[in-house]
>>> print(open('target13.cif').read())   # mmCIF, C-alpha atoms and all ligand atoms
data_my_file
#
loop_
_atom_site.group_PDB
_atom_site.id
_atom_site.type_symbol
_atom_site.label_atom_id
_atom_site.label_comp_id
_atom_site.auth_asym_id
_atom_site.auth_seq_id
_atom_site.Cartn_x
_atom_site.Cartn_y
_atom_site.Cartn_z
ATOM 1 C CA MET P 1 1.172 9.405 -21.036
ATOM 2 C CA THR P 2 -0.695 12.504 -22.199
ATOM 3 C CA VAL P 3 -1.594 15.364 -19.860
ATOM 4 C CA ALA P 4 -5.250 14.450 -20.421
ATOM 5 C CA GLU P 5 -4.840 11.476 -18.086
ATOM 6 C CA ALA P 6 -5.559 12.023 -14.407
ATOM 7 C CA VAL P 7 -4.455 8.512 -13.442
ATOM 8 C CA VAL P 8 -2.427 5.933 -15.293
ATOM 9 C CA CYS P 9 -1.667 2.455 -13.927
ATOM 10 C CA GLN P 10 0.694 0.288 -15.933
ATOM 11 C CA GLY P 11 1.103 -3.336 -15.005
ATOM 12 C CA LEU P 12 0.064 -2.564 -11.418
ATOM 13 C CA GLU P 13 0.636 -5.543 -9.136
ATOM 14 C CA TYR P 14 0.202 -5.878 -5.406
ATOM 15 C CA SER P 15 0.358 -8.921 -3.153
ATOM 16 C CA PHE P 16 -0.334 -9.214 0.552
ATOM 17 C CA GLY P 17 1.707 -11.630 2.633
ATOM 18 C CA ARG P 18 5.088 -13.221 2.102
ATOM 19 C CA ALA P 19 6.314 -16.077 -0.011
ATOM 20 C CA LYS P 20 7.387 -19.266 1.805
ATOM 21 C CA GLY P 21 11.054 -18.246 1.639
ATOM 22 C CA GLY P 22 10.154 -15.081 3.559
ATOM 23 C CA SER P 23 10.755 -12.610 0.719
ATOM 24 C CA ALA P 24 8.176 -9.851 0.446
ATOM 25 C CA LYS P 25 5.847 -9.987 -2.541
ATOM 26 C CA GLY P 26 4.131 -7.119 -4.315
ATOM 27 C CA GLY P 27 4.749 -3.460 -3.479
ATOM 28 C CA SER P 28 7.372 -3.877 -0.776
ATOM 29 C CA ALA P 29 8.098 -5.488 2.555
ATOM 30 C CA LYS P 30 6.518 -2.443 4.213
ATOM 31 C CA GLY P 31 3.260 -2.941 2.341
ATOM 32 C CA ALA P 32 3.083 -6.707 2.845
ATOM 33 C CA ALA P 33 0.661 -7.359 5.648
ATOM 34 C CA GLY P 34 0.914 -11.119 6.096
ATOM 35 C CA LYS P 35 3.181 -13.230 8.269
ATOM 36 C CA ALA P 36 6.401 -14.815 6.994
ATOM 37 C CA GLY P 37 5.636 -18.284 5.661
ATOM 38 C CA SER P 38 2.016 -17.513 4.741
ATOM 39 C CA VAL P 39 0.854 -17.856 1.143
ATOM 40 C CA PRO P 40 0.720 -14.417 -0.525
ATOM 41 C CA THR P 41 -2.578 -13.088 -1.882
ATOM 42 C CA LYS P 42 -2.280 -11.426 -5.271
ATOM 43 C CA ALA P 43 -4.773 -8.605 -4.790
ATOM 44 C CA VAL P 44 -3.936 -6.766 -8.024
ATOM 45 C CA ASP P 45 -2.542 -8.693 -10.941
ATOM 46 C CA GLY P 46 -1.091 -6.632 -13.815
ATOM 47 C CA LEU P 47 -3.678 -3.870 -14.001
ATOM 48 C CA ASP P 48 -3.601 -1.324 -16.847
ATOM 49 C CA LEU P 49 -5.875 1.666 -16.454
ATOM 50 C CA ALA P 50 -6.189 5.288 -17.603
ATOM 51 C CA VAL P 51 -8.647 7.708 -16.009
ATOM 52 C CA HIS P 52 -9.236 10.779 -18.189
ATOM 53 C CA THR P 53 -9.131 14.238 -16.655
ATOM 54 C CA GLY P 54 -12.612 15.485 -15.778
ATOM 55 C CA GLU P 55 -14.463 12.185 -16.010
ATOM 56 C CA VAL P 56 -16.280 10.155 -13.370
ATOM 57 C CA PHE P 57 -14.673 6.738 -13.542
ATOM 58 C CA GLY P 58 -16.200 3.746 -11.753
ATOM 59 C CA LEU P 59 -14.192 0.755 -10.595
ATOM 60 C CA LEU P 60 -16.705 -2.072 -10.187
ATOM 61 C CA GLY P 61 -16.361 -5.613 -8.987
ATOM 62 C CA PRO P 62 -17.316 -8.132 -6.311
ATOM 63 C CA ASN P 63 -15.813 -8.268 -2.817
ATOM 64 C CA GLY P 64 -12.135 -9.079 -2.945
ATOM 65 C CA ALA P 65 -11.738 -8.056 -6.612
ATOM 66 C CA GLY P 66 -8.856 -5.730 -5.710
ATOM 67 C CA LYS P 67 -10.627 -2.367 -5.992
ATOM 68 C CA THR P 68 -9.562 -0.976 -2.608
ATOM 69 C CA THR P 69 -5.985 -2.175 -3.102
ATOM 70 C CA THR P 70 -5.895 -0.392 -6.475
ATOM 71 C CA ILE P 71 -7.231 2.793 -4.928
ATOM 72 C CA ARG P 72 -4.772 2.621 -2.054
ATOM 73 C CA ALA P 73 -1.907 2.289 -4.539
ATOM 74 C CA ILE P 74 -3.197 5.312 -6.489
ATOM 75 C CA THR P 75 -3.557 7.397 -3.324
ATOM 76 C CA THR P 76 0.039 6.491 -2.281
ATOM 77 C CA LEU P 77 -1.137 4.553 0.782
ATOM 78 C CA LEU P 78 0.485 1.363 -0.497
ATOM 79 C CA PRO P 79 4.064 1.427 -1.753
ATOM 80 C CA VAL P 80 4.455 0.253 -5.351
ATOM 81 C CA PRO P 81 7.585 0.280 -7.512
ATOM 82 C CA ALA P 82 8.372 3.314 -9.694
ATOM 83 C CA GLY P 83 6.580 3.498 -13.026
ATOM 84 C CA MET P 84 3.433 1.614 -12.053
ATOM 85 C CA VAL P 85 1.129 4.497 -11.083
ATOM 86 C CA ARG P 86 1.046 8.136 -12.202
ATOM 87 C CA VAL P 87 -1.340 10.841 -11.022
ATOM 88 C CA PHE P 88 -1.435 13.893 -13.303
ATOM 89 C CA GLY P 89 1.948 12.788 -14.586
ATOM 90 C CA HIS P 90 3.593 12.352 -11.158
ATOM 91 C CA ASP P 91 5.017 8.936 -10.379
ATOM 92 C CA THR P 92 3.454 7.981 -7.022
ATOM 93 C CA ALA P 93 6.606 6.122 -5.994
ATOM 94 C CA LYS P 94 8.815 9.196 -6.465
ATOM 95 C CA ARG P 95 6.471 12.144 -5.871
ATOM 96 C CA ARG P 96 4.300 11.003 -3.012
ATOM 97 C CA MET P 97 3.708 14.406 -1.415
ATOM 98 C CA GLU P 98 2.947 16.137 -4.746
ATOM 99 C CA VAL P 99 0.384 13.423 -5.510
ATOM 100 C CA ARG P 100 -1.215 13.717 -2.063
ATOM 101 C CA ARG P 101 -1.674 17.460 -2.547
ATOM 102 C CA LEU P 102 -3.638 16.819 -5.740
ATOM 103 C CA LEU P 103 -6.165 14.399 -4.333
ATOM 104 C CA GLY P 104 -9.026 14.131 -1.909
ATOM 105 C CA TYR P 105 -9.794 10.660 -0.581
ATOM 106 C CA VAL P 106 -12.846 9.280 1.193
ATOM 107 C CA PRO P 107 -11.916 5.790 2.439
ATOM 108 C CA GLN P 108 -14.348 3.033 3.412
ATOM 109 C CA GLN P 109 -13.405 3.489 7.071
ATOM 110 C CA LEU P 110 -14.999 6.334 8.988
ATOM 111 C CA SER P 111 -12.877 9.475 8.634
ATOM 112 C CA ALA P 112 -15.010 11.911 10.683
ATOM 113 C CA GLU P 113 -14.845 12.407 14.472
ATOM 114 C CA ALA P 114 -18.191 11.944 16.239
ATOM 115 C CA GLY P 115 -17.120 14.251 19.095
ATOM 116 C CA LEU P 116 -16.415 17.232 16.816
ATOM 117 C CA THR P 117 -18.934 19.387 14.975
ATOM 118 C CA GLY P 118 -19.201 19.164 11.198
ATOM 119 C CA ARG P 119 -17.351 22.479 10.889
ATOM 120 C CA GLU P 120 -14.569 21.355 13.267
ATOM 121 C CA ASN P 121 -14.124 18.132 11.304
ATOM 122 C CA VAL P 122 -13.729 19.990 8.016
ATOM 123 C CA SER P 123 -11.445 22.605 9.644
ATOM 124 C CA LEU P 124 -9.200 19.812 10.852
ATOM 125 C CA PHE P 125 -8.771 18.556 7.293
ATOM 126 C CA ALA P 126 -8.194 22.109 6.064
ATOM 127 C CA ARG P 127 -5.302 22.440 8.551
ATOM 128 C CA VAL P 128 -3.844 19.039 7.689
ATOM 129 C CA PHE P 129 -3.981 19.876 3.970
ATOM 130 C CA ASP P 130 -2.326 23.287 4.467
ATOM 131 C CA VAL P 131 -5.245 25.462 3.431
ATOM 132 C CA PRO P 132 -3.835 28.952 4.244
ATOM 133 C CA GLY P 133 -5.083 30.265 7.600
ATOM 134 C CA ARG P 134 -6.654 33.446 6.185
ATOM 135 C CA GLU P 135 -8.745 31.408 3.668
ATOM 136 C CA ARG P 136 -9.600 28.564 5.989
ATOM 137 C CA ALA P 137 -12.941 29.677 7.465
ATOM 138 C CA GLU P 138 -14.276 30.622 4.039
ATOM 139 C CA ARG P 139 -13.107 27.394 2.388
ATOM 140 C CA VAL P 140 -14.591 25.287 5.209
ATOM 141 C CA ALA P 141 -17.913 27.111 4.839
ATOM 142 C CA GLN P 142 -17.835 26.575 1.061
ATOM 143 C CA ALA P 143 -17.109 22.852 1.431
ATOM 144 C CA LEU P 144 -19.978 22.461 3.918
ATOM 145 C CA ALA P 145 -22.323 24.387 1.613
ATOM 146 C CA ALA P 146 -21.314 22.197 -1.342
ATOM 147 C CA VAL P 147 -22.598 19.128 0.507
ATOM 148 C CA ASP P 148 -25.665 20.889 1.895
ATOM 149 C CA LEU P 149 -24.565 20.785 5.541
ATOM 150 C CA SER P 150 -24.372 24.520 6.289
ATOM 151 C CA ASP P 151 -27.458 24.453 8.503
ATOM 152 C CA VAL P 152 -26.107 21.668 10.722
ATOM 153 C CA ALA P 153 -22.418 22.612 10.566
ATOM 154 C CA ASP P 154 -22.249 23.408 14.286
ATOM 155 C CA ARG P 155 -23.883 20.197 15.457
ATOM 156 C CA LEU P 156 -21.753 17.257 16.647
ATOM 157 C CA ALA P 157 -21.072 14.819 13.799
ATOM 158 C CA GLY P 158 -22.176 12.048 16.169
ATOM 159 C CA THR P 159 -25.741 13.301 15.789
ATOM 160 C CA TYR P 160 -25.678 13.095 11.959
ATOM 161 C CA SER P 161 -27.504 10.436 9.917
ATOM 162 C CA GLY P 162 -25.482 8.000 7.791
ATOM 163 C CA GLY P 163 -26.034 10.079 4.662
ATOM 164 C CA MET P 164 -24.978 13.270 6.430
ATOM 165 C CA VAL P 165 -21.793 11.598 7.709
ATOM 166 C CA ARG P 166 -20.963 10.553 4.167
ATOM 167 C CA ARG P 167 -21.548 14.105 2.910
ATOM 168 C CA LEU P 168 -19.404 15.463 5.760
ATOM 169 C CA GLU P 169 -16.591 13.159 4.654
ATOM 170 C CA LEU P 170 -17.010 14.508 1.138
ATOM 171 C CA ALA P 171 -16.633 18.052 2.499
ATOM 172 C CA GLN P 172 -13.456 16.986 4.319
ATOM 173 C CA ALA P 173 -12.029 15.664 1.055
ATOM 174 C CA LEU P 174 -13.161 18.722 -0.935
ATOM 175 C CA VAL P 175 -11.826 21.437 1.359
ATOM 176 C CA SER P 176 -8.339 21.231 -0.176
ATOM 177 C CA ALA P 177 -9.851 21.732 -3.691
ATOM 178 C CA PRO P 178 -8.467 18.445 -5.067
ATOM 179 C CA ARG P 179 -8.066 17.855 -8.796
ATOM 180 C CA LEU P 180 -8.832 14.175 -8.232
ATOM 181 C CA LEU P 181 -11.491 12.953 -5.803
ATOM 182 C CA VAL P 182 -11.185 9.280 -4.865
ATOM 183 C CA LEU P 183 -14.171 7.612 -3.203
ATOM 184 C CA ASP P 184 -14.198 4.042 -1.922
ATOM 185 C CA GLU P 185 -17.820 2.811 -1.800
ATOM 186 C CA PRO P 186 -19.249 6.244 -0.937
ATOM 187 C CA THR P 187 -22.882 5.120 -0.794
ATOM 188 C CA ILE P 188 -22.705 1.626 0.654
ATOM 189 C CA GLY P 189 -25.268 1.028 3.376
ATOM 190 C CA LEU P 190 -27.262 4.180 2.608
ATOM 191 C CA ASP P 191 -30.949 4.282 1.698
ATOM 192 C CA PRO P 192 -31.807 5.308 -1.882
ATOM 193 C CA ILE P 193 -32.597 8.918 -0.955
ATOM 194 C CA ALA P 194 -29.292 9.381 0.898
ATOM 195 C CA ARG P 195 -27.437 7.693 -1.983
ATOM 196 C CA THR P 196 -28.970 10.119 -4.451
ATOM 197 C CA SER P 197 -28.077 13.129 -2.307
ATOM 198 C CA VAL P 198 -24.435 11.996 -2.044
ATOM 199 C CA TRP P 199 -24.262 11.608 -5.844
ATOM 200 C CA GLU P 200 -25.959 14.949 -6.449
ATOM 201 C CA CYS P 201 -23.266 16.635 -4.322
ATOM 202 C CA ILE P 202 -20.502 14.863 -6.238
ATOM 203 C CA ASP P 203 -22.100 15.816 -9.558
ATOM 204 C CA ALA P 204 -22.559 19.462 -8.608
ATOM 205 C CA VAL P 205 -18.977 19.868 -7.386
ATOM 206 C CA ARG P 206 -17.654 18.184 -10.492
ATOM 207 C CA ALA P 207 -19.709 20.437 -12.733
ATOM 208 C CA ALA P 208 -18.465 23.521 -10.857
ATOM 209 C CA THR P 209 -14.784 22.573 -10.656
ATOM 210 C CA GLY P 210 -14.088 20.081 -13.462
ATOM 211 C CA MET P 211 -12.374 17.743 -11.000
ATOM 212 C CA THR P 212 -11.851 14.087 -11.855
ATOM 213 C CA VAL P 213 -13.699 11.469 -9.794
ATOM 214 C CA LEU P 214 -12.566 7.888 -9.275
ATOM 215 C CA VAL P 215 -15.111 5.815 -7.387
ATOM 216 C CA THR P 216 -15.652 2.205 -6.419
ATOM 217 C CA THR P 217 -19.210 0.977 -6.080
ATOM 218 C CA HIS P 218 -21.214 -2.206 -5.934
ATOM 219 C CA TYR P 219 -24.332 -0.460 -7.145
ATOM 220 C CA MET P 220 -24.687 -1.041 -10.863
ATOM 221 C CA ASP P 221 -27.561 1.456 -11.147
ATOM 222 C CA GLU P 222 -25.301 4.185 -9.727
ATOM 223 C CA ALA P 223 -22.499 3.258 -12.089
ATOM 224 C CA GLU P 224 -24.863 3.467 -15.069
ATOM 225 C CA GLN P 225 -26.342 6.744 -13.999
ATOM 226 C CA TYR P 226 -23.308 8.637 -12.772
ATOM 227 C CA CYS P 227 -20.126 7.185 -14.296
ATOM 228 C CA ASP P 228 -18.812 8.280 -17.679
ATOM 229 C CA ARG P 229 -16.761 5.077 -17.960
ATOM 230 C CA VAL P 230 -16.434 1.956 -15.852
ATOM 231 C CA ALA P 231 -13.898 -0.829 -15.422
ATOM 232 C CA LEU P 232 -15.187 -4.225 -14.337
ATOM 233 C CA MET P 233 -12.620 -5.824 -12.052
ATOM 234 C CA ASP P 234 -12.401 -9.425 -10.903
ATOM 235 C CA ARG P 235 -9.618 -11.360 -9.153
ATOM 236 C CA GLY P 236 -7.128 -8.525 -9.485
ATOM 237 C CA ARG P 237 -7.697 -7.871 -13.183
ATOM 238 C CA ILE P 238 -9.765 -5.584 -15.390
ATOM 239 C CA ARG P 239 -12.191 -7.764 -17.336
ATOM 240 C CA ALA P 240 -13.906 -5.013 -19.350
ATOM 241 C CA LEU P 241 -13.618 -1.237 -19.684
ATOM 242 C CA GLY P 242 -15.719 1.396 -21.471
ATOM 243 C CA THR P 243 -18.832 3.479 -21.147
ATOM 244 C CA PRO P 244 -21.782 1.528 -19.749
ATOM 245 C CA GLU P 245 -23.444 1.828 -23.184
ATOM 246 C CA GLU P 246 -20.359 0.553 -25.034
ATOM 247 C CA LEU P 247 -20.068 -2.460 -22.737
ATOM 248 C CA LYS P 248 -23.740 -3.325 -23.069
ATOM 249 C CA ALA P 249 -23.517 -2.982 -26.871
ATOM 250 C CA GLN P 250 -20.539 -5.388 -26.921
ATOM 251 C CA VAL P 251 -22.516 -7.948 -24.949
ATOM 252 C CA ARG P 252 -25.587 -7.526 -27.205
ATOM 253 C CA GLU P 253 -23.390 -8.109 -30.235
ATOM 254 C CA GLN P 254 -21.704 -11.189 -28.801
ATOM 255 C CA ASP P 255 -24.837 -12.667 -27.230
ATOM 256 C CA PRO P 256 -27.960 -11.721 -29.238
ATOM 257 C CA ARG P 257 -30.145 -13.547 -26.679
ATOM 258 C CA LEU P 258 -29.508 -10.595 -24.349
ATOM 259 C CA GLU P 259 -31.537 -7.876 -26.001
ATOM 260 C CA ARG P 260 -31.272 -5.387 -23.160
ATOM 261 C CA PRO P 261 -28.277 -6.397 -21.036
ATOM 262 C CA THR P 262 -27.667 -4.769 -17.668
ATOM 263 C CA LEU P 263 -24.207 -4.065 -16.220
ATOM 264 C CA ASP P 264 -24.669 -7.243 -14.145
ATOM 265 C CA ASP P 265 -25.079 -9.155 -17.440
ATOM 266 C CA VAL P 266 -21.965 -7.420 -18.742
ATOM 267 C CA PHE P 267 -20.001 -8.523 -15.694
ATOM 268 C CA ARG P 268 -21.265 -12.113 -16.014
ATOM 269 C CA HIS P 269 -20.362 -12.103 -19.705
ATOM 270 C CA PHE P 270 -16.777 -10.928 -19.232
ATOM 271 C CA ALA P 271 -15.926 -12.464 -15.836
ATOM 272 C CA GLY P 272 -17.838 -15.710 -16.332
ATOM 273 C CA ARG P 273 -19.647 -15.409 -12.986
ATOM 274 C CA ASN P 274 -22.202 -13.309 -11.177
ATOM 275 C CA LEU P 275 -21.208 -10.002 -9.685
ATOM 276 C CA ALA P 276 -23.213 -10.195 -6.485
ATOM 277 C CA HIS P 277 -23.646 -13.784 -5.363
ATOM 278 C CA ASP P 278 -20.766 -15.932 -6.555
ATOM 279 C CA ASN P 279 -17.874 -15.031 -4.299
ATOM 280 C CA GLY P 280 -17.347 -18.333 -2.499
ATOM 281 C CA PRO P 281 -16.568 -18.616 1.215
ATOM 282 C CA GLU P 282 -14.068 -15.758 1.115
ATOM 283 C CA GLY P 283 -16.709 -13.551 -0.489
ATOM 284 C CA GLU P 284 -19.175 -14.367 2.284
ATOM 285 C CA PHE P 285 -16.566 -13.482 4.888
ATOM 286 C CA ASN P 286 -15.919 -10.223 3.083
ATOM 287 C CA ASP P 287 -19.647 -9.483 3.044
ATOM 288 C CA VAL P 288 -19.637 -9.683 6.837
ATOM 289 C CA ARG P 289 -16.487 -7.566 7.044
ATOM 290 C CA ARG P 290 -18.052 -4.987 4.731
ATOM 291 C CA THR P 291 -21.282 -4.819 6.752
ATOM 292 C CA ARG P 292 -19.303 -4.310 9.958
ATOM 293 C CA ARG P 293 -17.215 -1.594 8.341
ATOM 294 C CA THR P 294 -20.351 0.099 7.096
ATOM 295 C CA ALA P 295 -21.991 -0.101 10.495
ATOM 296 C CA SER P 296 -18.960 1.466 12.139
ATOM 297 C CA ARG P 297 -18.855 4.209 9.501
ATOM 298 C CA VAL P 298 -22.404 5.363 9.956
ATOM 299 C CA GLY P 299 -22.429 4.870 13.702
HETATM 300 N N1 LIG Y 301 -4.446 -6.055 4.622
HETATM 301 C C1 LIG Y 301 -4.630 -7.181 3.934
HETATM 302 N N2 LIG Y 301 -3.954 -8.307 4.264
HETATM 303 C C2 LIG Y 301 -4.108 -9.454 3.566
HETATM 304 N N3 LIG Y 301 -4.941 -9.586 2.485
HETATM 305 C C3 LIG Y 301 -5.636 -8.498 2.115
HETATM 306 C C4 LIG Y 301 -5.531 -7.254 2.807
HETATM 307 N N4 LIG Y 301 -6.334 -6.354 2.197
HETATM 308 C C5 LIG Y 301 -6.931 -7.016 1.177
HETATM 309 N N5 LIG Y 301 -6.512 -8.286 1.112
HETATM 310 C C6 LIG Y 301 -6.918 -9.300 0.129
HETATM 311 O O1 LIG Y 301 -6.645 -8.771 -1.170
HETATM 312 C C7 LIG Y 301 -7.700 -9.101 -2.064
HETATM 313 C C8 LIG Y 301 -8.283 -7.829 -2.638
HETATM 314 O O2 LIG Y 301 -8.894 -7.075 -1.584
HETATM 315 P P1 LIG Y 301 -9.507 -5.611 -1.807
HETATM 316 O O3 LIG Y 301 -9.942 -5.113 -0.459
HETATM 317 O O4 LIG Y 301 -8.580 -4.797 -2.606
HETATM 318 O O5 LIG Y 301 -10.779 -5.953 -2.703
HETATM 319 P P2 LIG Y 301 -12.081 -5.106 -2.938
HETATM 320 O O6 LIG Y 301 -12.460 -5.335 -4.356
HETATM 321 O O7 LIG Y 301 -11.872 -3.695 -2.534
HETATM 322 O O8 LIG Y 301 -13.126 -5.812 -1.972
HETATM 323 P P3 LIG Y 301 -14.152 -5.157 -0.941
HETATM 324 O O9 LIG Y 301 -15.190 -4.570 -1.841
HETATM 325 O O10 LIG Y 301 -14.624 -6.306 -0.144
HETATM 326 O O11 LIG Y 301 -13.406 -4.132 -0.152
HETATM 327 C C9 LIG Y 301 -8.708 -9.925 -1.277
HETATM 328 O O12 LIG Y 301 -8.430 -11.295 -1.507
HETATM 329 C C10 LIG Y 301 -8.418 -9.539 0.157
HETATM 330 O O13 LIG Y 301 -8.784 -10.584 1.038
#
>>> encode(input="target13.cif", output="structure tokens", more="lines below")
Ligand SMILES: Nc1ncnc2c1ncn2[C@@H]1O[C@H](COP(=O)(O)OP(=O)(O)OP(=O)(O)O)[C@@H](O)[C@H]1O
Amino acid sequence: MTVAEAVVCQGLEYSFGRAKGGSAKGGSAKGAAGKAGSVPTKAVDGLDLAVHTGEVFGLLGPNGAGKTTTIRAITTLLPVPAGMVRVFGHDTAKRRMEVRRLLGYVPQQLSAEAGLTGRENVSLFARVFDVPGRERAERVAQALAAVDLSDVADRLAGTYSGGMVRRLELAQALVSAPRLLVLDEPTIGLDPIARTSVWECIDAVRAATGMTVLVTTHYMDEAEQYCDRVALMDRGRIRALGTPEELKAQVREQDPRLERPTLDDVFRHFAGRNLAHDNGPEGEFNDVRRTRRTASRVG
């Protein structure tokens, strides 16, 4: 691996559940969430990936593709064997705390407290991430300013709109000045204006700090507009990887009928099915689960 890589995954595998004999599959017994005797689900199936330092990298794919599992392995929240995932050269299996200090993570689940003000929420993260006491107030104020929440910083987060909550969560992740910002569906459920404002904040912070951004999204227009490179993931595997323009050019070359392919066309071309509407019964269930999660996030 070169130092230019922020994240490297090599042959990353992760299964949930246990094999019939009772032995844990995937990362470890600790990470296996299913009951003994249940059939394991291979969520990530031999994934190779390199995210370059300083880029915005989009992990795209339908519900159940394995995006969140991949991100949770990268952020050390799922245990994987040594050698599978490195963040700025640190093996996540051996250097968990070093890796955690380098990254900011905004999960799909709500990570802000409705009963605290915006400033209190960000201060809490500053304490957890060991921002030195004498710098804390200033760093919290800077993080709130970066996401355009200074004016409402002393209001309860429970009074914020969905877009403001998402920007508050960004501030929480940014207060420790991470070198890698990991965002799991940061704009899902938001209206177009709120989506744009979230992306503008991400863009501005990246331009100012040079941090690397790894993001999952379902929105192809966002991926095209804001990601330097994307990986299209389906059933635990990467089906295509490159800049949006490179991927579209490949599809144009291989299928001249598609004169102006979209990223949806690219996905269909490489995965052999539609991105949005071809998930089967499990996909429909996941759609419901996602909507519920989104509703609980934005209150
Ligand atoms: N805790 C868990 N226990 C059992 N199976 C799980 C668990 N989490 C995820 N899975 C399964 O692993 C597979 C990959 O899920 P994952 O959440 O990583 O996909 P995703 O691409 O992030 O989808 P979504 O966009 O719906 O979150 C799916 O089949 C899912 O049902």
>>> resolve_selection(input="target13.cif", expression="the PyMOL selection byres (((chain P and resi 176) around 12) and not hetatm)", output="number ranges by chain")
P: 100-105, 122-132, 135-136, 138-140, 142-143, 170-175, 177-181
>>> closest_residue(input="target13.cif", among="P:His269, P:Met164, P:Thr53, P:Thr217", to="P:Asp255", atoms="all atoms listed in the file")
P:His269
>>> resolve_selection(input="target13.cif", expression="the PyMOL selection byres (((chain P and resi 76) around 9) and not hetatm)", output="list in words")
Ile71, Arg72, Ala73, Ile74, Thr75, Leu77, Leu78, Pro79, Val80, Thr92, Ala93, Arg96, Met97, Val99 and Arg100 of chain P
>>> atom_distance(input="target13.cif", atom1="atom CA of P:Asn274", atom2="atom CA of P:Asp234")
10.5 Å
>>> residues_around(input="target13.cif", residues="stretch 205-207 of chain P", least_positions_apart="3", cutoff="10 Å", atoms="all atoms listed in the file", output="PyMOL selection string")
chain P and resi 54-56+143+146-147+174+179-181+199-202+210-213
>>> residues_around(input="target13.cif", residues="P:Gly158", least_positions_apart="6", cutoff="10 Å", atoms="only C-alpha atoms", output="list of chain:residue names")
P:Ala112, P:Glu113, P:Ala114, P:Gly115, P:Leu116, P:Thr117, P:Gly118, P:Val165, P:Val298, P:Gly299
>>> atom_distance(input="target13.cif", atom1="atom CA of P:Val51", atom2="atom CA of P:Met233")
14.6 Å
>>> atom_distance(input="target13.cif", atom1="atom CA of P:Ala82", atom2="atom CA of P:Tyr14")
13.0 Å
>>> closest_residue(input="target13.cif", among="P:Asp45, P:Glu246, P:Glu120, P:Asp203", to="ligand LIG 301 (chain Y)", atoms="all atoms listed in the file")
P:Asp45
